[in-house]
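J.: This is work_7.txt, which holds compact mmCIF, C-alpha atoms:
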# COMPACT_ATOMS: atom_id res chain seq x y z
CA MET A 1 0.00 0.00 0.00
CA ALA A 2 1.49 3.33 -1.09
CA LEU A 3 1.00 6.48 0.95
CA LYS A 4 0.44 10.09 -0.03
CA HIS A 5 2.83 11.97 2.22
CA GLU A 6 2.68 15.75 2.16
CA PRO A 7 4.37 16.94 5.37
CA THR A 8 2.40 19.48 7.39
CA ALA A 9 3.69 22.32 9.59
CA PRO A 10 3.55 20.19 12.79
CA TYR A 11 5.66 17.56 11.00
CA HIS A 12 8.34 20.13 10.18
CA SER A 13 8.20 21.49 13.74
CA ALA A 14 8.62 17.98 15.14
CA GLN A 15 11.65 17.44 12.89
CA ASP A 16 13.19 20.69 14.16
CA ALA A 17 12.38 19.75 17.76
CA LEU A 18 14.10 16.38 17.26
CA ARG A 19 17.23 18.17 16.02
CA VAL A 20 17.19 20.36 19.12
CA LEU A 21 16.64 17.39 21.42
CA GLU A 22 19.42 15.39 19.78
CA THR A 23 21.78 18.34 20.23
CA VAL A 24 20.90 18.68 23.92
CA ALA A 25 21.28 14.91 24.42
CA ARG A 26 24.82 15.03 23.01
CA HIS A 27 25.86 17.58 25.65
CA SER A 28 25.46 15.92 29.04
CA ALA A 29 26.97 18.97 30.77
CA GLY A 30 24.39 21.27 29.18
CA VAL A 31 24.30 23.50 26.13
CA THR A 32 23.21 27.13 25.74
CA VAL A 33 20.65 28.51 23.32
CA THR A 34 23.52 30.01 21.31
CA GLY A 35 25.20 26.61 21.17
CA ILE A 36 21.98 24.90 20.06
CA ALA A 37 21.42 27.55 17.37
CA ARG A 38 24.96 27.11 16.06
CA ARG A 39 24.72 23.33 15.92
CA THR A 40 21.21 23.08 14.45
CA GLY A 41 21.23 26.11 12.17
CA LEU A 42 17.88 27.22 13.62
CA ARG A 43 17.21 30.89 14.35
CA THR A 44 17.07 31.96 18.00
CA ASP A 45 13.46 33.13 17.67
CA ARG A 46 12.52 29.72 16.23
CA LEU A 47 14.36 27.97 19.07
CA THR A 48 12.48 29.93 21.73
CA GLY A 49 9.15 28.31 20.87
CA LEU A 50 10.65 24.85 20.38
CA LEU A 51 12.49 24.93 23.70
CA ARG A 52 9.36 26.18 25.49
CA MET A 53 7.43 23.20 24.10
CA LEU A 54 10.23 20.74 24.94
CA ARG A 55 10.36 22.03 28.51
CA ARG A 56 6.58 21.84 28.90
CA GLU A 57 6.64 18.22 27.68
CA GLY A 58 9.51 17.34 30.02
CA TYR A 59 12.01 16.52 27.27
CA VAL A 60 14.51 19.19 28.32
CA ASP A 61 15.24 21.17 31.45
CA GLN A 62 17.53 24.05 32.40
CA ASP A 63 20.35 23.82 34.91
CA ALA A 64 21.31 26.55 37.41
CA ASP A 65 23.39 28.33 34.75
CA GLY A 66 20.52 28.36 32.23
CA ALA A 67 22.03 25.70 29.98
CA TYR A 68 19.71 23.05 28.55
CA VAL A 69 19.93 19.39 29.60
CA THR A 70 17.70 16.41 28.89
CA GLY A 71 14.60 16.08 31.08
CA ALA A 72 12.75 13.29 32.84
CA ALA A 73 10.42 12.48 29.94
CA PHE A 74 13.35 11.96 27.60
CA ALA A 75 15.00 9.66 30.13
CA ARG A 76 11.82 7.56 30.43
CA LEU A 77 11.49 7.22 26.66
CA GLY A 78 15.15 6.27 26.40
CA SER A 79 14.64 3.17 28.54
CA ALA A 80 14.27 0.24 26.15
CA HIS A 81 12.21 -2.00 28.46
CA GLN A 82 9.86 0.86 29.43
CA HIS A 83 9.68 2.61 26.06
CA ASP A 84 6.18 1.60 24.92
CA ALA A 85 4.60 2.31 28.30
CA ALA A 86 6.50 5.60 28.56
CA VAL A 87 5.32 6.71 25.11
CA ARG A 88 1.71 5.89 26.03
CA GLU A 89 1.98 7.83 29.30
CA GLN A 90 3.62 10.79 27.56
CA LEU A 91 0.96 10.84 24.86
CA GLN A 92 -1.80 10.69 27.49
CA ARG A 93 -0.37 13.71 29.30
CA THR A 94 -0.17 15.57 25.99
CA LEU A 95 -3.75 14.61 25.08
CA ASP A 96 -5.01 15.72 28.50
CA ARG A 97 -3.40 19.14 27.96
CA LEU A 98 -4.81 19.37 24.44
CA ARG A 99 -8.30 18.47 25.71
CA ASP A 100 -8.12 21.33 28.19
CA SER A 101 -6.66 23.85 25.72
CA VAL A 102 -9.18 23.19 22.92
CA GLY A 103 -12.13 22.44 25.22
CA ALA A 104 -13.00 19.21 23.44
CA ALA A 105 -12.42 15.48 23.62
CA VAL A 106 -9.29 14.58 21.63
CA TYR A 107 -8.18 11.33 20.02
CA ILE A 108 -5.16 9.67 18.39
CA SER A 109 -5.98 7.27 15.60
CA ARG A 110 -3.77 5.06 13.41
CA TYR A 111 -4.33 3.09 10.22
CA VAL A 112 -2.96 -0.37 11.07
CA ASP A 113 -3.17 -3.45 8.83
CA GLY A 114 -5.89 -1.86 6.74
CA GLU A 115 -8.08 -0.83 9.66
CA VAL A 116 -8.91 2.36 11.57
CA GLN A 117 -7.86 2.19 15.21
CA VAL A 118 -8.44 4.86 17.87
CA THR A 119 -5.44 4.13 20.08
CA GLN A 120 -5.80 6.79 22.81
CA TYR A 121 -8.12 9.60 23.79
CA ALA A 122 -8.73 12.20 26.47
CA ALA A 123 -12.25 13.17 27.51
CA GLY A 124 -14.01 14.46 30.62
CA PRO A 125 -17.37 15.49 32.06
CA ALA A 126 -17.31 18.81 30.17
CA THR A 127 -15.71 17.26 27.06
CA PRO A 128 -17.54 13.96 26.42
CA ALA A 129 -16.14 11.39 24.01
CA VAL A 130 -18.07 10.34 20.92
CA ASN A 131 -20.52 7.51 21.52
CA GLU A 132 -19.11 4.76 19.27
CA TRP A 133 -22.48 3.48 18.19
CA VAL A 134 -20.98 2.03 14.99
CA ASP A 135 -17.49 0.49 15.15
CA PHE A 136 -14.99 3.07 13.88
CA ARG A 137 -13.35 0.35 11.76
CA TYR A 138 -16.49 0.15 9.64
CA SER A 139 -17.38 3.83 9.48
CA ALA A 140 -14.26 5.54 8.09
CA HIS A 141 -16.36 7.10 5.32
CA ALA A 142 -18.44 8.98 7.90
CA THR A 143 -15.89 10.12 10.49
CA ALA A 144 -13.30 12.89 10.45
CA VAL A 145 -10.78 10.34 11.77
CA GLY A 146 -11.52 7.87 8.99
CA LYS A 147 -11.48 10.47 6.22
CA SER A 148 -8.19 11.91 7.49
CA LEU A 149 -6.59 8.45 7.50
CA LEU A 150 -8.00 7.49 4.09
CA GLY A 151 -6.83 10.83 2.75
CA GLN A 152 -3.24 9.85 3.53
CA LEU A 153 -3.46 6.67 1.42
CA ASP A 154 -3.02 6.54 -2.33
CA HIS A 155 -5.97 5.89 -4.64
CA ASN A 156 -5.54 2.11 -4.59
CA GLY A 157 -5.31 2.07 -0.79
CA ARG A 158 -8.57 4.01 -0.53
CA ARG A 159 -10.28 1.75 -3.06
CA ASP A 160 -9.11 -1.32 -1.16
CA HIS A 161 -10.54 0.01 2.11
CA LEU A 162 -13.90 0.94 0.59
CA ALA A 163 -14.13 -2.45 -1.12
CA ARG A 164 -13.83 -4.14 2.29
CA HIS A 165 -16.20 -1.81 4.17
CA LYS A 166 -19.65 -0.98 2.84
CA MET A 167 -20.47 2.74 3.04
CA ALA A 168 -23.57 2.55 5.21
CA ARG A 169 -25.84 5.57 5.71
CA LEU A 170 -25.47 6.46 9.39
CA THR A 171 -27.27 9.82 9.26
CA SER A 172 -28.95 11.88 6.55
CA ARG A 173 -25.59 13.65 6.06
CA THR A 174 -23.48 10.52 5.51
CA ILE A 175 -21.73 10.21 2.14
CA THR A 176 -22.57 6.79 0.69
CA SER A 177 -21.16 7.24 -2.82
CA ASP A 178 -17.57 6.08 -3.19
CA LYS A 179 -17.20 8.39 -6.19
CA VAL A 180 -18.22 11.43 -4.12
CA LEU A 181 -16.05 10.43 -1.18
CA LEU A 182 -12.96 9.77 -3.34
CA SER A 183 -13.45 13.10 -5.10
CA ARG A 184 -13.62 14.94 -1.78
CA LEU A 185 -10.55 13.13 -0.45
CA ASP A 186 -8.63 14.10 -3.60
CA ALA A 187 -9.65 17.74 -3.15
CA GLN A 188 -8.79 17.87 0.58
CA PRO A 189 -5.64 19.98 1.22
CA PRO A 190 -3.34 18.18 3.71
CA THR A 191 -2.98 21.32 5.83
CA VAL A 192 -6.75 21.83 6.26
CA PRO A 193 -8.58 19.86 9.00
CA VAL A 194 -11.05 17.21 7.80
CA LEU A 195 -14.53 17.78 9.22
CA ASP A 196 -17.45 15.52 10.15
CA LEU A 197 -20.61 17.59 10.48
CA GLN A 198 -23.03 15.05 11.97
CA GLU A 199 -22.13 12.48 9.31
CA TYR A 200 -21.34 9.77 11.88
CA ALA A 201 -23.79 10.69 14.65
CA ILE A 202 -26.53 13.27 15.05
CA GLY A 203 -25.53 15.73 17.76
CA THR A 204 -21.75 15.47 17.27
CA VAL A 205 -19.25 17.32 15.06
CA CYS A 206 -15.60 16.34 14.66
CA ALA A 207 -12.35 17.46 13.04
CA ALA A 208 -9.07 15.65 12.35
CA VAL A 209 -5.55 16.60 11.27
CA PRO A 210 -2.82 14.24 9.98
CA ILE A 211 0.10 13.23 12.20
CA THR A 212 1.90 11.09 9.66
CA ALA A 213 5.43 10.08 10.65
CA GLY A 214 7.58 7.95 8.38
CA SER A 215 5.56 5.10 6.88
CA SER A 216 2.90 5.30 9.60
CA VAL A 217 -0.48 6.89 8.93
CA GLY A 218 -2.17 8.61 11.85
CA CYS A 219 -4.31 11.55 12.83
CA LEU A 220 -5.20 13.72 15.78
CA ALA A 221 -8.90 14.49 16.17
CA LEU A 222 -11.45 16.25 18.36
CA SER A 223 -15.18 16.03 18.88
CA LEU A 224 -17.75 18.54 20.11
CA PRO A 225 -21.47 18.45 20.86
CA VAL A 226 -23.33 20.06 17.95
CA GLU A 227 -24.33 23.02 20.12
CA HIS A 228 -20.62 23.94 20.11
CA ALA A 229 -20.27 23.56 16.34
CA HIS A 230 -19.44 27.26 16.04
CA ARG A 231 -16.14 26.49 17.83
CA LEU A 232 -15.16 23.59 15.57
CA ARG A 233 -12.90 25.32 13.06
CA GLN A 234 -11.08 27.38 15.66
CA ALA A 235 -10.62 24.31 17.86
CA ALA A 236 -9.35 22.33 14.87
CA ASP A 237 -6.82 25.05 14.04
CA THR A 238 -5.64 25.03 17.66
CA LEU A 239 -5.35 21.24 17.52
CA ASN A 240 -3.29 21.46 14.32
CA ARG A 241 -0.94 24.07 15.78
CA ASN A 242 -0.39 21.92 18.87
CA ALA A 243 0.10 18.56 17.12
CA THR A 244 3.91 18.79 17.29
CA PRO A 245 4.29 17.20 20.77
CA VAL A 246 2.22 14.20 19.66
CA LEU A 247 4.39 13.68 16.58
CA LEU A 248 7.50 14.10 18.69
CA SER A 249 6.42 11.42 21.18
CA LEU A 250 5.78 9.01 18.32
CA ALA A 251 9.14 9.78 16.71
CA ILE A 252 11.44 9.40 19.73
Take the structure in the file and write it out as structure tokens.
T.:
Amino acid sequence: MALKHEPTAPYHSAQDALRVLETVARHSAGVTVTGIARRTGLRTDRLTGLLRMLRREGYVDQDADGAYVTGAAFARLGSAHQHDAAVREQLQRTLDRLRDSVGAAVYISRYVDGEVQVTQYAAGPATPAVNEWVDFRYSAHATAVGKSLLGQLDHNGRRDHLARHKMARLTSRTITSDKVLLSRLDAQPPTVPVLDLQEYAIGTVCAAVPITAGSSVGCLALSLPVEHAHRLRQAADTLNRNATPVLLSLAI
């Protein structure tokens, strides 16, 4: 299965953050902002935001002299026998922060062995999760998550998925024509969030942005009750701008 990879801004930010983190990791005694800028080629103003994010996520810290050293989160992820659990814990902390900052339930989803999988999510009393009344594996055509993941596959990959999963009408807004769906996926810019406006469930709207890393297809998504639909696009833009820590956790 071939993929359609068009790196987004969070992808580029994650790549820059990895360069910064690798530089800090090579200097056990600490390295200054000037030193990081010289070794990475990144501008100081660009580094300011990246280092703020890396500190917030626990990947780097500052010593008494202000030099940057690796943080506790980086140490946990560097432990081979604890790596998978550490990644999951790190992602959950990031999702919890995202849930609070966008005011919506948030989800990580992956396309694994030809199927949609929601691997982690963060919800709460004020930010309820979507009621999965139809298995997400069989409703990719109707969900923002599914359409985002399918949008990252090539034409044959999309056709293969739709051939295995009938496009059932879940609401009056659900697209049930493969021709219409494929046309919309082709027209979807990779930098624009994919929306689900009550296509999966009446009363719920969703948005998703790609978090593709390497050969892995994934997305970050949010859901809102329909009475908050007016916040959807702004929340989706906020989600997209803050996707870098999720990509970083998956890349380390």
J.: What are the closest atom pairs, with distances in Å to one decimal, for each residue of segment 68-100 of chain A lying within 12 Å of segment 208-222 of chain A, using only C-alpha atoms, rows by chain and rising residue number, as a tab-separated table?
T.:
residue	atom	partner	partner_atom	distance
A:Leu91	CA	A:Leu220	CA	11.3
A:Thr94	CA	A:Leu220	CA	11.5
A:Leu95	CA	A:Leu220	CA	9.5
A:Leu98	CA	A:Leu222	CA	9.5
A:Arg99	CA	A:Leu222	CA	8.3
A:Asp100	CA	A:Leu222	CA	11.6
J.: Write out as JSON, numbers by chain which residues come within 10 Å of Pro245 of chain A when counting all atoms listed in the file, dropping same-chain ones fewer than 5 positions away.
T.: {"A": [10, 11, 13, 14, 17, 50, 53, 54, 56, 57, 90, 91, 94, 95, 250, 251]}
J.: Please write as a PyMOL selection string the list of polymer residues whose atoms come within 9 Å of (-17.1, 6.5, -0.6), counting only C-alpha atoms and keeping to the coordinates of the file.
T.: chain A and resi 141-142+158-159+162+166-167+175-183
J.: Counting only C-alpha atoms, what is within 6 Å of segment 144-147 of chain A, bar same-chain residues fewer than 5 positions away, as a PDB file with C-alpha atoms, in the coordinates of the input?
T.:
ATOM      1  CA  VAL A 194     -11.050  17.210   7.800  1.00  0.00           C
ATOM      2  CA  LEU A 195     -14.530  17.780   9.220  1.00  0.00           C
ATOM      3  CA  ASP A 196     -17.450  15.520  10.150  1.00  0.00           C
ATOM      4  CA  CYS A 206     -15.600  16.340  14.660  1.00  0.00           C
ATOM      5  CA  ALA A 207     -12.350  17.460  13.040  1.00  0.00           C
ATOM      6  CA  ALA A 208      -9.070  15.650  12.350  1.00  0.00           C
TER       7      ALA A 208
END
J.: In Å, how far is it from atom CA of His83 of chain A to atom CA of Leu18 of chain A?
T.: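 For atom CA of His83 of chain A relative to atom CA of Leu18 of chain A, the distance reads 16.9 Å.
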J.: Could you tell me how far atom CA of Gln62 of chain A lies from atom CA of Gly35 of chain A, in Å and to one decimal?
T.: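 According to the coordinates, atom CA of Gln62 of chain A and atom CA of Gly35 of chain A are separated by 13.8 Å.
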J.: For the atom pair atom CA of Asp96 of chain A and atom CA of Val60 of chain A, what is the interatomic distance in Å to one decimal place?
T.: 19.8 Å
J.: Residues at most 8 Å from Ala105 of chain A, counting all atoms listed in the file, excluding those fewer than 3 positions away in the same chain, as number ranges by chain?
T.: A: 99, 121-124, 127-129, 222-224
J.: Draw an axis-aligned box over all listed atoms of segment 210-228 of chain A, pad each side with 6 Å, and write its centre and edge lengths in Å, one decimal, as JSON.
T.:
{"center_x": -8.4, "center_y": 14.5, "center_z": 13.9, "size_x": 43.9, "size_y": 30.8, "size_z": 26.0}
J.: In terms of the shortest atom-to-atom distance over all atoms listed in the file, which of A:Val134, A:Ile108, A:Ala67, A:Ala72 is closest to Leu247 of chain A?
T.: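 Among the listed residues, the smallest separation from Leu247 of chain A belongs to A:Ile108.
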J.: Name the residues in contact with Thr204 of chain A at a cut-off of 10 Å, using all atoms listed in the file, excluding same-chain residues fewer than 3 positions from it; report them as JSON, numbers by chain.
T.: {"A": [129, 130, 131, 196, 197, 198, 199, 200, 201, 223, 224, 225, 226, 227, 228, 229]}
J.: I'd like to know which of A:Val24, A:Tyr111, A:Arg137, A:Gln120 is closest to Leu153 of chain A, using only C-alpha atoms.
T.: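 Among A:Val24, A:Tyr111, A:Arg137, A:Gln120, it is A:Tyr111 that comes nearest to Leu153 of chain A.
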J.: Return segment 37-64 of chain A, completed with N, CA and C atoms, as an mmCIF file, in the frame of the given file.
T.:
data_model
loop_
_atom_site.group_PDB
_atom_site.id
_atom_site.type_symbol
_atom_site.label_atom_id
_atom_site.label_comp_id
_atom_site.auth_asym_id
_atom_site.auth_seq_id
_atom_site.Cartn_x
_atom_site.Cartn_y
_atom_site.Cartn_z
ATOM 1 N N ALA A 37 21.643 26.855 18.642
ATOM 2 C CA ALA A 37 21.420 27.550 17.370
ATOM 3 C C ALA A 37 22.577 27.288 16.405
ATOM 4 N N ARG A 38 23.788 27.327 16.913
ATOM 5 C CA ARG A 38 24.960 27.110 16.060
ATOM 6 C C ARG A 38 24.992 25.697 15.507
ATOM 7 N N ARG A 39 24.630 24.726 16.331
ATOM 8 C CA ARG A 39 24.720 23.330 15.920
ATOM 9 C C ARG A 39 23.538 22.865 15.064
ATOM 10 N N THR A 40 22.388 23.496 15.224
ATOM 11 C CA THR A 40 21.210 23.080 14.450
ATOM 12 C C THR A 40 20.951 23.969 13.236
ATOM 13 N N GLY A 41 21.495 25.177 13.257
ATOM 14 C CA GLY A 41 21.230 26.110 12.170
ATOM 15 C C GLY A 41 19.881 26.793 12.283
ATOM 16 N N LEU A 42 19.190 26.601 13.420
ATOM 17 C CA LEU A 42 17.880 27.220 13.620
ATOM 18 C C LEU A 42 18.047 28.617 14.229
ATOM 19 N N ARG A 43 17.169 29.527 13.830
ATOM 20 C CA ARG A 43 17.210 30.890 14.350
ATOM 21 C C ARG A 43 16.829 30.891 15.837
ATOM 22 N N THR A 44 17.344 31.865 16.561
ATOM 23 C CA THR A 44 17.070 31.960 18.000
ATOM 24 C C THR A 44 15.578 32.126 18.270
ATOM 25 N N ASP A 45 14.888 32.932 17.440
ATOM 26 C CA ASP A 45 13.460 33.130 17.670
ATOM 27 C C ASP A 45 12.677 31.831 17.424
ATOM 28 N N ARG A 46 13.144 31.015 16.487
ATOM 29 C CA ARG A 46 12.520 29.720 16.230
ATOM 30 C C ARG A 46 12.784 28.787 17.413
ATOM 31 N N LEU A 47 13.992 28.828 17.944
ATOM 32 C CA LEU A 47 14.360 27.970 19.070
ATOM 33 C C LEU A 47 13.545 28.282 20.316
ATOM 34 N N THR A 48 13.205 29.538 20.520
ATOM 35 C CA THR A 48 12.480 29.930 21.730
ATOM 36 C C THR A 48 11.188 29.126 21.894
ATOM 37 N N GLY A 49 10.404 29.051 20.807
ATOM 38 C CA GLY A 49 9.150 28.310 20.870
ATOM 39 C C GLY A 49 9.366 26.810 21.012
ATOM 40 N N LEU A 50 10.364 26.275 20.303
ATOM 41 C CA LEU A 50 10.650 24.850 20.380
ATOM 42 C C LEU A 50 11.107 24.447 21.775
ATOM 43 N N LEU A 51 11.998 25.249 22.367
ATOM 44 C CA LEU A 51 12.490 24.930 23.700
ATOM 45 C C LEU A 51 11.396 25.070 24.756
ATOM 46 N N ARG A 52 10.489 26.034 24.567
ATOM 47 C CA ARG A 52 9.360 26.180 25.490
ATOM 48 C C ARG A 52 8.490 24.918 25.452
ATOM 49 N N MET A 53 8.233 24.419 24.242
ATOM 50 C CA MET A 53 7.430 23.200 24.100
ATOM 51 C C MET A 53 8.161 21.995 24.687
ATOM 52 N N LEU A 54 9.453 21.873 24.431
ATOM 53 C CA LEU A 54 10.230 20.740 24.940
ATOM 54 C C LEU A 54 10.299 20.755 26.459
ATOM 55 N N ARG A 55 10.366 21.935 27.043
ATOM 56 C CA ARG A 55 10.360 22.030 28.510
ATOM 57 C C ARG A 55 8.996 21.646 29.064
ATOM 58 N N ARG A 56 7.940 22.145 28.436
ATOM 59 C CA ARG A 56 6.580 21.840 28.900
ATOM 60 C C ARG A 56 6.321 20.334 28.857
ATOM 61 N N GLU A 57 6.836 19.656 27.830
ATOM 62 C CA GLU A 57 6.640 18.220 27.680
ATOM 63 C C GLU A 57 7.599 17.394 28.529
ATOM 64 N N GLY A 58 8.574 18.052 29.162
ATOM 65 C CA GLY A 58 9.510 17.340 30.020
ATOM 66 C C GLY A 58 10.695 16.725 29.308
ATOM 67 N N TYR A 59 10.895 17.089 28.032
ATOM 68 C CA TYR A 59 12.010 16.520 27.270
ATOM 69 C C TYR A 59 13.341 17.192 27.601
ATOM 70 N N VAL A 60 13.295 18.481 27.914
ATOM 71 C CA VAL A 60 14.510 19.190 28.320
ATOM 72 C C VAL A 60 14.239 19.971 29.597
ATOM 73 N N ASP A 61 15.320 20.353 30.246
ATOM 74 C CA ASP A 61 15.240 21.170 31.450
ATOM 75 C C ASP A 61 16.404 22.153 31.403
ATOM 76 N N GLN A 62 16.427 23.105 32.316
ATOM 77 C CA GLN A 62 17.530 24.050 32.400
ATOM 78 C C GLN A 62 18.248 23.880 33.725
ATOM 79 N N ASP A 63 19.592 23.919 33.666
ATOM 80 C CA ASP A 63 20.350 23.820 34.910
ATOM 81 C C ASP A 63 20.477 25.201 35.547
ATOM 82 N N ALA A 64 21.207 25.293 36.659
ATOM 83 C CA ALA A 64 21.310 26.550 37.410
ATOM 84 C C ALA A 64 21.923 27.673 36.593
#
